[in-house]
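Q: Structure file work-v3.cif, mmCIF, C-alpha atoms and all ligand atoms, is pasted below:
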```cif
data_query
#
loop_
_atom_site.group_PDB
_atom_site.id
_atom_site.type_symbol
_atom_site.label_atom_id
_atom_site.label_comp_id
_atom_site.auth_asym_id
_atom_site.auth_seq_id
_atom_site.Cartn_x
_atom_site.Cartn_y
_atom_site.Cartn_z
ATOM 1 C CA MET A 30 196.322 88.639 76.585
ATOM 2 C CA VAL A 31 193.752 85.949 75.867
ATOM 3 C CA ARG A 32 191.141 87.403 73.498
ATOM 4 C CA LYS A 33 189.819 84.376 71.600
ATOM 5 C CA ALA A 34 187.287 81.703 72.485
ATOM 6 C CA LEU A 35 186.277 78.563 70.626
ATOM 7 C CA LEU A 36 182.788 77.133 71.132
ATOM 8 C CA PRO A 37 182.164 73.659 69.682
ATOM 9 C CA VAL A 38 178.496 73.780 68.595
ATOM 10 C CA ALA A 39 178.365 71.100 65.913
ATOM 11 C CA GLY A 40 176.663 68.388 68.017
ATOM 12 C CA LEU A 41 173.246 66.949 67.173
ATOM 13 C CA GLY A 42 171.827 67.350 70.674
ATOM 14 C CA THR A 43 170.469 63.798 70.770
ATOM 15 C CA ARG A 44 170.242 63.877 74.579
ATOM 16 C CA SER A 45 167.686 66.686 74.284
ATOM 17 C CA LEU A 46 165.369 65.187 71.656
ATOM 18 C CA PRO A 47 162.623 65.801 70.665
ATOM 19 C CA ALA A 48 163.218 69.517 71.446
ATOM 20 C CA THR A 49 166.345 69.518 69.273
ATOM 21 C CA LYS A 50 164.831 67.857 66.198
ATOM 22 C CA ALA A 51 164.473 71.149 64.318
ATOM 23 C CA VAL A 52 166.093 73.646 66.736
ATOM 24 C CA PRO A 53 169.816 73.584 67.599
ATOM 25 C CA LYS A 54 170.218 72.690 71.277
ATOM 26 C CA GLU A 55 172.285 75.837 71.774
ATOM 27 C CA LEU A 56 169.191 77.931 70.979
ATOM 28 C CA LEU A 57 166.913 76.324 73.571
ATOM 29 C CA PRO A 58 166.053 79.126 76.007
ATOM 30 C CA LEU A 59 167.056 79.157 79.648
ATOM 31 C CA VAL A 60 164.403 81.582 80.958
ATOM 32 C CA ASP A 61 164.427 84.097 78.065
ATOM 33 C CA LYS A 62 167.909 83.713 76.584
ATOM 34 C CA PRO A 63 169.201 80.942 74.355
ATOM 35 C CA ALA A 64 171.847 78.797 76.038
ATOM 36 C CA ILE A 65 174.535 79.996 73.609
ATOM 37 C CA GLN A 66 173.979 83.601 74.751
ATOM 38 C CA TYR A 67 175.034 82.696 78.314
ATOM 39 C CA LEU A 68 178.310 81.388 76.887
ATOM 40 C CA VAL A 69 179.030 84.390 74.675
ATOM 41 C CA GLU A 70 178.184 86.735 77.590
ATOM 42 C CA GLU A 71 180.566 84.719 79.784
ATOM 43 C CA CYS A 72 183.277 85.212 77.142
ATOM 44 C CA ALA A 73 182.588 88.962 76.982
ATOM 45 C CA ARG A 74 182.836 89.292 80.787
ATOM 46 C CA ALA A 75 186.235 87.557 80.654
ATOM 47 C CA GLY A 76 187.484 89.961 77.954
ATOM 48 C CA LEU A 77 187.204 87.416 75.129
ATOM 49 C CA ASP A 78 185.776 89.424 72.245
ATOM 50 C CA ASP A 79 186.685 87.081 69.360
ATOM 51 C CA VAL A 80 184.422 84.031 69.415
ATOM 52 C CA LEU A 81 184.715 81.145 66.966
ATOM 53 C CA PHE A 82 181.764 78.760 66.583
ATOM 54 C CA VAL A 83 182.704 75.303 65.294
ATOM 55 C CA THR A 84 179.411 74.469 63.601
ATOM 56 C CA SER A 85 177.790 71.898 61.347
ATOM 57 C CA ALA A 86 174.928 71.863 58.841
ATOM 58 C CA GLY A 87 171.705 73.415 60.176
ATOM 59 C CA LYS A 88 173.396 75.682 62.730
ATOM 60 C CA ALA A 89 173.402 78.985 60.806
ATOM 61 C CA THR A 90 170.727 80.409 63.143
ATOM 62 C CA LEU A 91 173.342 80.479 65.913
ATOM 63 C CA GLU A 92 175.232 83.181 64.043
ATOM 64 C CA ASP A 93 171.979 84.988 63.204
ATOM 65 C CA HIS A 94 171.286 85.344 66.924
ATOM 66 C CA PHE A 95 174.340 87.586 67.321
ATOM 67 C CA ASP A 96 173.815 89.524 64.085
ATOM 68 C CA ARG A 97 172.055 92.855 63.566
ATOM 69 C CA LEU A 98 168.464 92.559 62.286
ATOM 70 C CA PRO A 99 167.634 95.960 60.715
ATOM 71 C CA GLY A 100 163.957 95.080 60.062
ATOM 72 C CA LEU A 101 163.278 94.065 63.666
ATOM 73 C CA GLU A 102 165.291 96.993 65.040
ATOM 74 C CA ALA A 103 163.347 99.495 62.895
ATOM 75 C CA ALA A 104 160.023 97.970 63.936
ATOM 76 C CA LEU A 105 160.927 98.124 67.645
ATOM 77 C CA ALA A 106 162.254 101.702 67.299
ATOM 78 C CA SER A 107 159.107 102.916 65.522
ATOM 79 C CA LYS A 108 156.930 101.439 68.302
ATOM 80 C CA GLY A 109 159.068 103.032 71.008
ATOM 81 C CA LYS A 110 159.990 99.612 72.438
ATOM 82 C CA ASP A 111 163.364 100.812 73.715
ATOM 83 C CA GLU A 112 164.005 98.036 76.247
ATOM 84 C CA GLU A 113 163.427 95.307 73.664
ATOM 85 C CA LEU A 114 165.537 97.222 71.145
ATOM 86 C CA ALA A 115 168.458 97.344 73.577
ATOM 87 C CA LEU A 116 168.151 93.575 74.192
ATOM 88 C CA VAL A 117 168.422 92.908 70.453
ATOM 89 C CA THR A 118 171.139 95.387 69.427
ATOM 90 C CA GLY A 119 173.368 94.663 72.452
ATOM 91 C CA LEU A 120 173.906 91.108 71.223
ATOM 92 C CA ALA A 121 175.942 92.189 68.221
ATOM 93 C CA ASP A 122 178.299 94.149 70.493
ATOM 94 C CA LEU A 123 179.186 91.246 72.802
ATOM 95 C CA ALA A 124 181.888 89.811 70.546
ATOM 96 C CA THR A 125 182.914 89.382 66.936
ATOM 97 C CA ILE A 126 181.505 86.026 65.911
ATOM 98 C CA HIS A 127 183.362 83.823 63.439
ATOM 99 C CA SER A 128 182.492 80.349 62.341
ATOM 100 C CA VAL A 129 184.076 77.297 60.802
ATOM 101 C CA ARG A 130 182.480 73.961 59.897
ATOM 102 C CA GLN A 131 183.327 70.592 61.361
ATOM 103 C CA PRO A 132 182.462 68.422 58.354
ATOM 104 C CA GLU A 133 182.231 65.144 60.282
ATOM 105 C CA PRO A 134 181.565 64.411 63.972
ATOM 106 C CA LEU A 135 184.987 62.948 64.751
ATOM 107 C CA GLY A 136 185.203 64.062 68.392
ATOM 108 C CA LEU A 137 185.787 67.089 70.610
ATOM 109 C CA GLY A 138 189.520 67.106 69.833
ATOM 110 C CA HIS A 139 188.717 67.170 66.124
ATOM 111 C CA ALA A 140 186.210 70.018 66.641
ATOM 112 C CA VAL A 141 188.867 72.073 68.441
ATOM 113 C CA LEU A 142 191.374 71.310 65.674
ATOM 114 C CA MET A 143 188.979 72.958 63.192
ATOM 115 C CA GLY A 144 189.882 76.256 64.887
ATOM 116 C CA ALA A 145 193.623 75.969 64.185
ATOM 117 C CA GLU A 146 193.693 78.432 61.308
ATOM 118 C CA HIS A 147 191.614 81.121 63.031
ATOM 119 C CA ILE A 148 193.312 80.825 66.421
ATOM 120 C CA GLY A 149 196.895 80.446 65.175
ATOM 121 C CA ASP A 150 199.533 80.572 67.937
ATOM 122 C CA ASP A 151 197.352 82.520 70.377
ATOM 123 C CA SER A 152 196.097 81.160 73.668
ATOM 124 C CA PHE A 153 192.329 80.691 73.676
ATOM 125 C CA ALA A 154 189.429 79.506 75.802
ATOM 126 C CA VAL A 155 187.175 76.564 74.967
ATOM 127 C CA LEU A 156 183.622 76.601 76.356
ATOM 128 C CA LEU A 157 181.351 73.567 75.971
ATOM 129 C CA GLY A 158 177.700 74.437 75.485
ATOM 130 C CA ASP A 159 176.245 71.714 77.708
ATOM 131 C CA ASP A 160 178.004 73.222 80.729
ATOM 132 C CA ILE A 161 176.464 76.399 82.087
ATOM 133 C CA VAL A 162 178.408 78.021 84.932
ATOM 134 C CA ASP A 163 176.408 80.397 87.097
ATOM 135 C CA PRO A 164 176.814 83.877 85.580
ATOM 136 C CA GLY A 165 177.260 85.477 89.011
ATOM 137 C CA THR A 166 180.790 84.044 89.409
ATOM 138 C CA PRO A 167 183.865 85.314 87.535
ATOM 139 C CA PHE A 168 185.157 81.780 87.002
ATOM 140 C CA LEU A 169 186.374 82.094 83.404
ATOM 141 C CA GLU A 170 188.089 85.375 84.352
ATOM 142 C CA ARG A 171 189.993 83.445 87.046
ATOM 143 C CA MET A 172 190.972 80.746 84.531
ATOM 144 C CA VAL A 173 192.251 83.349 82.046
ATOM 145 C CA ALA A 174 194.198 85.182 84.785
ATOM 146 C CA THR A 175 195.689 81.870 85.962
ATOM 147 C CA HIS A 176 196.806 81.030 82.430
ATOM 148 C CA GLU A 177 198.379 84.473 82.081
ATOM 149 C CA ARG A 178 200.152 84.026 85.441
ATOM 150 C CA THR A 179 201.422 80.454 84.914
ATOM 151 C CA GLY A 180 201.661 80.136 81.123
ATOM 152 C CA ARG A 181 200.151 76.648 81.498
ATOM 153 C CA PRO A 182 196.922 75.177 80.124
ATOM 154 C CA VAL A 183 194.123 75.664 82.668
ATOM 155 C CA ILE A 184 191.206 73.260 83.021
ATOM 156 C CA ALA A 185 188.019 73.544 85.087
ATOM 157 C CA LEU A 186 187.460 70.678 87.499
ATOM 158 C CA MET A 187 184.517 69.610 89.624
ATOM 159 C CA GLU A 188 184.132 66.832 92.176
ATOM 160 C CA VAL A 189 181.539 64.284 90.996
ATOM 161 C CA GLU A 190 179.861 61.247 92.573
ATOM 162 C CA ASP A 191 181.224 57.793 91.683
ATOM 163 C CA GLU A 192 178.243 57.065 89.382
ATOM 164 C CA ALA A 193 179.065 60.125 87.268
ATOM 165 C CA VAL A 194 182.797 59.379 86.851
ATOM 166 C CA PRO A 195 182.354 57.422 83.549
ATOM 167 C CA LEU A 196 180.710 60.495 81.961
ATOM 168 C CA TYR A 197 183.767 62.753 82.249
ATOM 169 C CA GLY A 198 187.479 63.219 81.709
ATOM 170 C CA ILE A 199 189.071 62.574 85.124
ATOM 171 C CA ALA A 200 192.280 64.171 86.445
ATOM 172 C CA THR A 201 195.219 62.971 88.528
ATOM 173 C CA VAL A 202 196.153 65.988 90.653
ATOM 174 C CA GLU A 203 198.629 67.331 93.173
ATOM 175 C CA ALA A 204 197.586 70.029 95.653
ATOM 176 C CA THR A 205 199.074 73.554 95.506
ATOM 177 C CA ASP A 206 199.175 76.435 98.005
ATOM 178 C CA VAL A 207 196.398 78.257 96.160
ATOM 179 C CA ASP A 208 192.758 77.576 97.136
ATOM 180 C CA ASP A 209 190.977 75.267 94.667
ATOM 181 C CA GLU A 210 194.047 75.160 92.399
ATOM 182 C CA PHE A 211 195.783 71.878 91.474
ATOM 183 C CA LEU A 212 198.581 70.619 89.264
ATOM 184 C CA ILE A 213 197.253 68.026 86.817
ATOM 185 C CA THR A 214 199.804 65.323 86.050
ATOM 186 C CA ASP A 215 197.555 62.960 84.101
ATOM 187 C CA LEU A 216 194.071 62.683 82.598
ATOM 188 C CA VAL A 217 191.865 59.857 81.446
ATOM 189 C CA GLU A 218 188.742 60.183 79.298
ATOM 190 C CA LYS A 219 185.599 58.561 80.735
ATOM 191 C CA PRO A 220 187.191 55.840 82.894
ATOM 192 C CA THR A 221 185.282 53.270 84.938
ATOM 193 C CA VAL A 222 185.075 54.090 88.656
ATOM 194 C CA HIS A 223 187.825 51.493 89.275
ATOM 195 C CA GLU A 224 190.178 52.984 86.665
ATOM 196 C CA ALA A 225 189.574 56.576 87.805
ATOM 197 C CA PRO A 226 192.482 58.252 89.624
ATOM 198 C CA SER A 227 190.150 60.667 91.474
ATOM 199 C CA ASN A 228 186.629 62.121 91.463
ATOM 200 C CA LEU A 229 187.804 65.382 89.907
ATOM 201 C CA ALA A 230 186.053 65.684 86.555
ATOM 202 C CA ILE A 231 186.830 68.044 83.698
ATOM 203 C CA ILE A 232 183.933 70.365 83.073
ATOM 204 C CA GLY A 233 183.583 72.299 79.863
ATOM 205 C CA ARG A 234 185.952 75.240 80.373
ATOM 206 C CA TYR A 235 189.566 75.217 79.189
ATOM 207 C CA VAL A 236 192.201 77.914 78.544
ATOM 208 C CA LEU A 237 194.758 76.462 76.149
ATOM 209 C CA PRO A 238 197.927 77.488 74.331
ATOM 210 C CA GLY A 239 197.980 77.475 70.508
ATOM 211 C CA SER A 240 200.500 74.616 70.744
ATOM 212 C CA ILE A 241 197.574 72.257 71.457
ATOM 213 C CA PHE A 242 196.816 72.123 67.704
ATOM 214 C CA ALA A 243 200.111 70.384 66.845
ATOM 215 C CA VAL A 244 199.407 67.842 69.596
ATOM 216 C CA LEU A 245 195.821 67.302 68.366
ATOM 217 C CA ARG A 246 197.082 66.618 64.824
ATOM 218 C CA ASP A 247 199.127 63.724 66.233
ATOM 219 C CA THR A 248 196.420 62.419 68.580
ATOM 220 C CA PRO A 249 194.896 59.149 67.346
ATOM 221 C CA PRO A 250 191.212 58.341 67.911
ATOM 222 C CA GLY A 251 190.610 57.283 71.515
ATOM 223 C CA ARG A 252 187.465 56.516 73.514
ATOM 224 C CA GLY A 253 184.430 56.029 71.264
ATOM 225 C CA ASP A 254 186.833 55.998 68.288
ATOM 226 C CA GLU A 255 186.827 59.822 68.479
ATOM 227 C CA ILE A 256 189.739 62.261 68.658
ATOM 228 C CA GLN A 257 189.609 63.286 72.303
ATOM 229 C CA LEU A 258 190.728 66.683 73.612
ATOM 230 C CA THR A 259 191.474 64.912 76.910
ATOM 231 C CA ASP A 260 194.049 62.675 75.179
ATOM 232 C CA ALA A 261 195.881 65.694 73.697
ATOM 233 C CA LEU A 262 195.874 67.396 77.119
ATOM 234 C CA ARG A 263 197.234 64.200 78.629
ATOM 235 C CA THR A 264 200.191 64.396 76.218
ATOM 236 C CA LEU A 265 200.817 68.001 77.353
ATOM 237 C CA ALA A 266 200.477 67.013 81.036
ATOM 238 C CA HIS A 267 203.163 64.345 80.651
ATOM 239 C CA ASP A 268 205.619 67.086 79.544
ATOM 240 C CA GLU A 269 204.657 69.597 82.222
ATOM 241 C CA PRO A 270 201.725 69.599 84.675
ATOM 242 C CA LEU A 271 198.621 71.540 83.690
ATOM 243 C CA VAL A 272 196.641 73.691 86.127
ATOM 244 C CA GLY A 273 193.211 72.604 87.325
ATOM 245 C CA ILE A 274 190.830 74.999 89.071
ATOM 246 C CA ARG A 275 187.872 73.631 91.000
ATOM 247 C CA VAL A 276 184.646 75.384 90.035
ATOM 248 C CA ASP A 277 183.312 77.259 93.041
ATOM 249 C CA ALA A 278 180.025 78.221 91.382
ATOM 250 C CA PRO A 279 176.851 76.292 90.581
ATOM 251 C CA ARG A 280 177.220 74.466 87.253
ATOM 252 C CA TYR A 281 174.482 72.820 85.225
ATOM 253 C CA ASP A 282 174.682 70.084 82.590
ATOM 254 C CA ILE A 283 171.910 71.322 80.311
ATOM 255 C CA GLY A 284 172.366 68.384 77.907
ATOM 256 C CA ASP A 285 170.694 66.391 80.672
ATOM 257 C CA LYS A 286 166.933 66.972 80.935
ATOM 258 C CA LEU A 287 166.863 67.368 84.717
ATOM 259 C CA GLY A 288 169.979 69.570 84.506
ATOM 260 C CA PHE A 289 168.166 71.759 81.976
ATOM 261 C CA VAL A 290 165.148 72.190 84.256
ATOM 262 C CA THR A 291 167.248 72.946 87.349
ATOM 263 C CA ALA A 292 169.307 75.478 85.371
ATOM 264 C CA THR A 293 166.124 77.192 84.239
ATOM 265 C CA VAL A 294 164.679 77.377 87.760
ATOM 266 C CA SER A 295 167.964 78.527 89.355
ATOM 267 C CA LEU A 296 168.677 81.181 86.736
ATOM 268 C CA ALA A 297 165.113 82.507 86.984
ATOM 269 C CA ALA A 298 165.300 82.513 90.801
ATOM 270 C CA GLU A 299 168.379 84.786 90.637
ATOM 271 C CA ARG A 300 166.646 87.329 88.416
ATOM 272 C CA PRO A 301 165.342 90.407 90.247
ATOM 273 C CA ASP A 302 162.371 90.667 87.864
ATOM 274 C CA LEU A 303 161.292 87.016 88.220
ATOM 275 C CA GLY A 304 162.968 85.572 91.321
ATOM 276 C CA PRO A 305 160.686 86.793 94.152
ATOM 277 C CA ASP A 306 157.455 85.700 92.430
ATOM 278 C CA LEU A 307 158.971 82.393 91.288
ATOM 279 C CA LEU A 308 160.239 81.566 94.780
ATOM 280 C CA ALA A 309 156.878 82.435 96.328
ATOM 281 C CA TRP A 310 155.156 80.140 93.821
ATOM 282 C CA LEU A 311 157.711 77.361 94.401
ATOM 283 C CA ARG A 312 157.084 77.501 98.154
ATOM 284 C CA ARG A 313 153.327 77.152 97.591
ATOM 285 C CA PHE A 314 153.917 74.394 95.036
ATOM 286 C CA LEU A 315 156.182 72.401 97.373
ATOM 287 C CA ALA A 316 153.807 72.844 100.303
ATOM 288 C CA GLU A 317 150.998 71.503 98.111
ATOM 289 C CA GLN A 318 153.169 68.563 97.008
ATOM 290 C CA ASP A 319 153.948 67.796 100.674
ATOM 291 C CA ARG A 320 150.254 67.999 101.543
ATOM 292 C CA ILE A 321 149.360 65.569 98.733
ATOM 293 C CA GLY A 322 152.335 63.314 99.596
ATOM 294 C CA ALA A 323 151.259 63.178 103.231
ATOM 295 C CA GLY A 324 147.644 62.500 102.209
ATOM 296 C CA VAL A 325 145.675 59.876 104.111
ATOM 297 C CA GLY A 326 144.653 56.933 101.908
ATOM 298 C CA MET A 327 141.303 55.058 101.901
ATOM 299 C CA SER A 328 142.659 52.542 104.441
ATOM 300 C CA GLY A 329 143.504 55.356 106.794
ATOM 301 C CA GLU A 330 147.233 54.681 106.473
ATOM 302 C CA ARG A 331 149.661 57.367 105.458
ATOM 303 C CA ASP A 332 150.389 57.169 101.739
ATOM 304 C CA GLN A 333 154.168 56.663 101.460
ATOM 305 C CA GLY A 334 154.299 57.591 97.768
ATOM 306 C CA PRO A 335 157.085 56.414 95.508
ATOM 307 C CA THR A 336 160.127 55.047 97.312
ATOM 308 C CA THR A 337 162.783 56.399 94.953
HETATM 309 C C1 LIG A 401 183.479 66.255 77.058
HETATM 310 C C2 LIG A 401 184.930 65.885 77.368
HETATM 311 C C3 LIG A 401 185.054 65.352 78.792
HETATM 312 C C4 LIG A 401 184.501 66.381 79.759
HETATM 313 C C5 LIG A 401 183.044 66.755 79.384
HETATM 314 C C6 LIG A 401 182.555 67.919 80.235
HETATM 315 O O1 LIG A 401 182.715 65.074 77.033
HETATM 316 O O2 LIG A 401 185.369 64.914 76.432
HETATM 317 O O3 LIG A 401 186.404 65.106 79.093
HETATM 318 O O4 LIG A 401 184.557 65.870 81.067
HETATM 319 O O5 LIG A 401 182.955 67.164 78.008
HETATM 320 O O6 LIG A 401 181.204 68.197 80.022
HETATM 321 P P1 LIG A 401 181.212 65.040 76.412
HETATM 322 O O7 LIG A 401 180.303 65.449 77.522
HETATM 323 O O8 LIG A 401 181.202 65.981 75.262
HETATM 324 O O9 LIG A 401 181.000 63.615 76.005
#
```
I need this file expressed as structure tokens, please.
A:
Amino acid sequence: MVRKALLPVAGLGTRSLPATKAVPKELLPLVDKPAIQYLVEECARAGLDDVLFVTSAGKATLEDHFDRLPGLEAALASKGKDEELALVTGLADLATIHSVRQPEPLGLGHAVLMGAEHIGDDSFAVLLGDDIVDPGTPFLERMVATHERTGRPVIALMEVEDEAVPLYGIATVEATDVDDEFLITDLVEKPTVHEAPSNLAIIGRYVLPGSIFAVLRDTPPGRGDEIQLTDALRTLAHDEPLVGIRVDAPRYDIGDKLGFVTATVSLAAERPDLGPDLLAWLRRFLAEQDRIGAGVGMSGERDQGPTT
């Protein structure tokens, strides 16, 4: 049974500056929940109740978010704010949170290696905080079940456009009889479009055996002079193919500013308490934008607006 998850949360969040100057990027809210809460809830839904944060200096508030806060709880209880109280206390029950420091930013592979002692020989999931998978889909559950069925490392894959290929680890795959399931025979970290064996990109969900740690210890720095998880997985894939599962749910890269905004709008639109009003407003907003965009200029010609 897979019970453990490792969440690398040591990054500086430079892609999200200035918002992340004083606030860890994992605490930026998507609607009313910090991004990290979506990940820990995803773990809990998949039965992973032991969550290890790989952190760095200035990230202690991440653990606080999942801790009990007796002062706040007492204040909410005395005011009869039961709904708010449930929102706060429920967080501590999602999972047992552990943490370990990554002293230097030496790469994703190095961050995962920091979990070796806590994880031991167990299989575990890795969830990257920039990737939010729509909470309505049991995708991580499927990955865990696939690992339990095959005994192989399982990696989430997504088809990306050519322009995006150099941003991801890219897989060489063979088809299987199972829908959206592949055998991965090779991987390459952030190739050029010409070097890339496919358009199937790794997105930030992995279910790995404890044996990955021994491989990571022997993995030299790769792209960007960092120890790459992709390179260690490549070593495993050369011994025996890994399993790739194509994500069949919306996925957002919230480290990207537009990705963050679209995640916020989509997640709010799905919420029964916010969705109907938000969608009604969006329709009015878009109609107004169309009206302005189609506006007639001083010369009487239709204003074409920006061409991009
Ligand atoms: C990491 C991995 C890369 C993967 C990506 C998914 O890169 O190294 O293989 O495709 O996450 O988001 P990063 O985005 O941290 O540079």
Q: I'd like the residues picked by the PyMOL selection byres (((chain A and resi 286) around 12) and not hetatm) written out as a ChimeraX atom specification, using the chain letters and numbers from the file.
A: /A:42-49,54,57,159,281-285,287-293
Q: What would the selection look like, as a PDB file with C-alpha atoms, in the frame of the given file, if the PyMOL selection byres (((not hetatm)) within 7 of (chain A and resi 401)) were run on the coordinates I just shared?
A:
```pdb
ATOM      1  CA  LEU A 137     185.787  67.089  70.610  1.00  0.00           C
ATOM      2  CA  LEU A 157     181.351  73.567  75.971  1.00  0.00           C
ATOM      3  CA  ASP A 159     176.245  71.714  77.708  1.00  0.00           C
ATOM      4  CA  ASP A 160     178.004  73.222  80.729  1.00  0.00           C
ATOM      5  CA  LEU A 196     180.710  60.495  81.961  1.00  0.00           C
ATOM      6  CA  TYR A 197     183.767  62.753  82.249  1.00  0.00           C
ATOM      7  CA  GLY A 198     187.479  63.219  81.709  1.00  0.00           C
ATOM      8  CA  ILE A 199     189.071  62.574  85.124  1.00  0.00           C
ATOM      9  CA  GLU A 218     188.742  60.183  79.298  1.00  0.00           C
ATOM     10  CA  LYS A 219     185.599  58.561  80.735  1.00  0.00           C
ATOM     11  CA  ALA A 230     186.053  65.684  86.555  1.00  0.00           C
ATOM     12  CA  ILE A 231     186.830  68.044  83.698  1.00  0.00           C
ATOM     13  CA  ILE A 232     183.933  70.365  83.073  1.00  0.00           C
ATOM     14  CA  GLY A 233     183.583  72.299  79.863  1.00  0.00           C
ATOM     15  CA  GLN A 257     189.609  63.286  72.303  1.00  0.00           C
ATOM     16  CA  LEU A 258     190.728  66.683  73.612  1.00  0.00           C
ATOM     17  CA  THR A 259     191.474  64.912  76.910  1.00  0.00           C
TER      18      THR A 259
END
```
Q: As a list of chain:residue names, please: the residues near segment 73-81 of chain A (cut-off 6 Å, all atoms listed in the file, same-chain neighbours under 6 positions excluded).
A: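 Here the answer would be A:Arg32, A:Lys33, A:Ala34, A:Leu35, A:Leu123, A:Ala124, A:Thr125, A:Ile126, A:His127, A:Ser128, A:Glu170.
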Q: Mind working out the centre and edge lengths of an axis-aligned box for segment 225-236 of chain A, all listed atoms inside, 5 Å added to each side, rounded to one decimal in Å and written as JSON?
A:
```
{"center_x": 188.0, "center_y": 67.2, "center_z": 85.0, "size_x": 18.9, "size_y": 31.3, "size_z": 22.9}
```
Q: Restricting the calculation to only C-alpha atoms: of A:Ile274, A:Thr205, A:Glu299, A:Asp319, which residue gets closest to Phe168 of chain A?
A: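 The shortest atom-to-atom distance to Phe168 of chain A comes from A:Ile274.
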Q: For the file shown, report as a ChimeraX atom specification the outcome of the PyMOL selection byres (((chain A and resi 61) around 12) and not hetatm) at residue level.
A: /A:56-60,62-67,116,293-294,296-297,300,302-303
Q: Neighbours of Val117 of chain A within 12 Å (all atoms listed in the file; same-chain residues fewer than 5 positions away dropped), as number ranges by chain?
A: A: 62, 66, 93-106, 110-112, 122-123
Q: What gap, in Å, lies between atom CA of Cys72 of chain A and atom CA of Gly136 of chain A?
A: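 Atom CA of Gly136 of chain A lies 23.0 Å from atom CA of Cys72 of chain A.
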Q: So how far away is atom CA of Pro134 of chain A from atom CA of Pro164 of chain A, in Å?
A: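 Here the two named atoms are 29.5 Å from each other.
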Q: Could you check the closest approach to Met143 of chain A for each of A:Ala200, A:Val129, A:Ile256, A:Ala115 and tell me which residue wins, using all atoms listed in the file?
A: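 Among the listed residues, the smallest separation from Met143 of chain A belongs to A:Val129.
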Q: Hey, can you pull every residue with an atom no more than 12 Å from (199.9, 62.5, 73.6), using only C-alpha atoms, and send it as a list in words?
A: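 Every residue inside that radius is included here: Gly138, Asp215, Leu216, Val217, Ile241, Phe242, Ala243, Val244, Leu245, Arg246, Asp247, Thr248, Pro249, Pro250, Gly251, Ile256, Gln257, Leu258, Thr259, Asp260, Ala261, Leu262, Arg263, Thr264, Leu265, Ala266, His267 and Asp268 of chain A.
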Q: Which is closest to Pro195 of chain A among A:Leu307, A:Val83, A:Val183, A:Ala225, if we use all atoms listed in the file?
A: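 Ranked by minimum distance to Pro195 of chain A, first place goes to A:Ala225.
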Q: Please compute the atom CA of Arg181 of chain A-atom CA of Leu142 of chain A distance, one decimal, in Å.
A: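 Interatomic distance here is 18.9 Å.
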Q: Could you check which of A:Asp206, A:Asp306, A:Asp163, A:Asp151 is closest to Val31 of chain A, using all atoms listed in the file?
A: A:Asp151
Q: Would you please work out which residue, of A:Arg252, A:His223, A:Arg275, A:Arg171, is nearest to Asp208 of chain A when using all atoms listed in the file?
A: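 Closest to Asp208 of chain A, using all atoms listed in the file: A:Arg275.
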Q: Restricting the calculation to only C-alpha atoms, which member of A:Tyr235, A:Phe314, A:Phe211, A:Phe82 is positioned closest to Pro182 of chain A?
A: A:Tyr235
Q: Counting all atoms listed in the file, what is within 12 Å of Asp209 of chain A, bar same-chain residues fewer than 3 positions away, as a ChimeraX atom specification?
A: /A:168,171-172,175,184-188,202-206,212,229,272-278
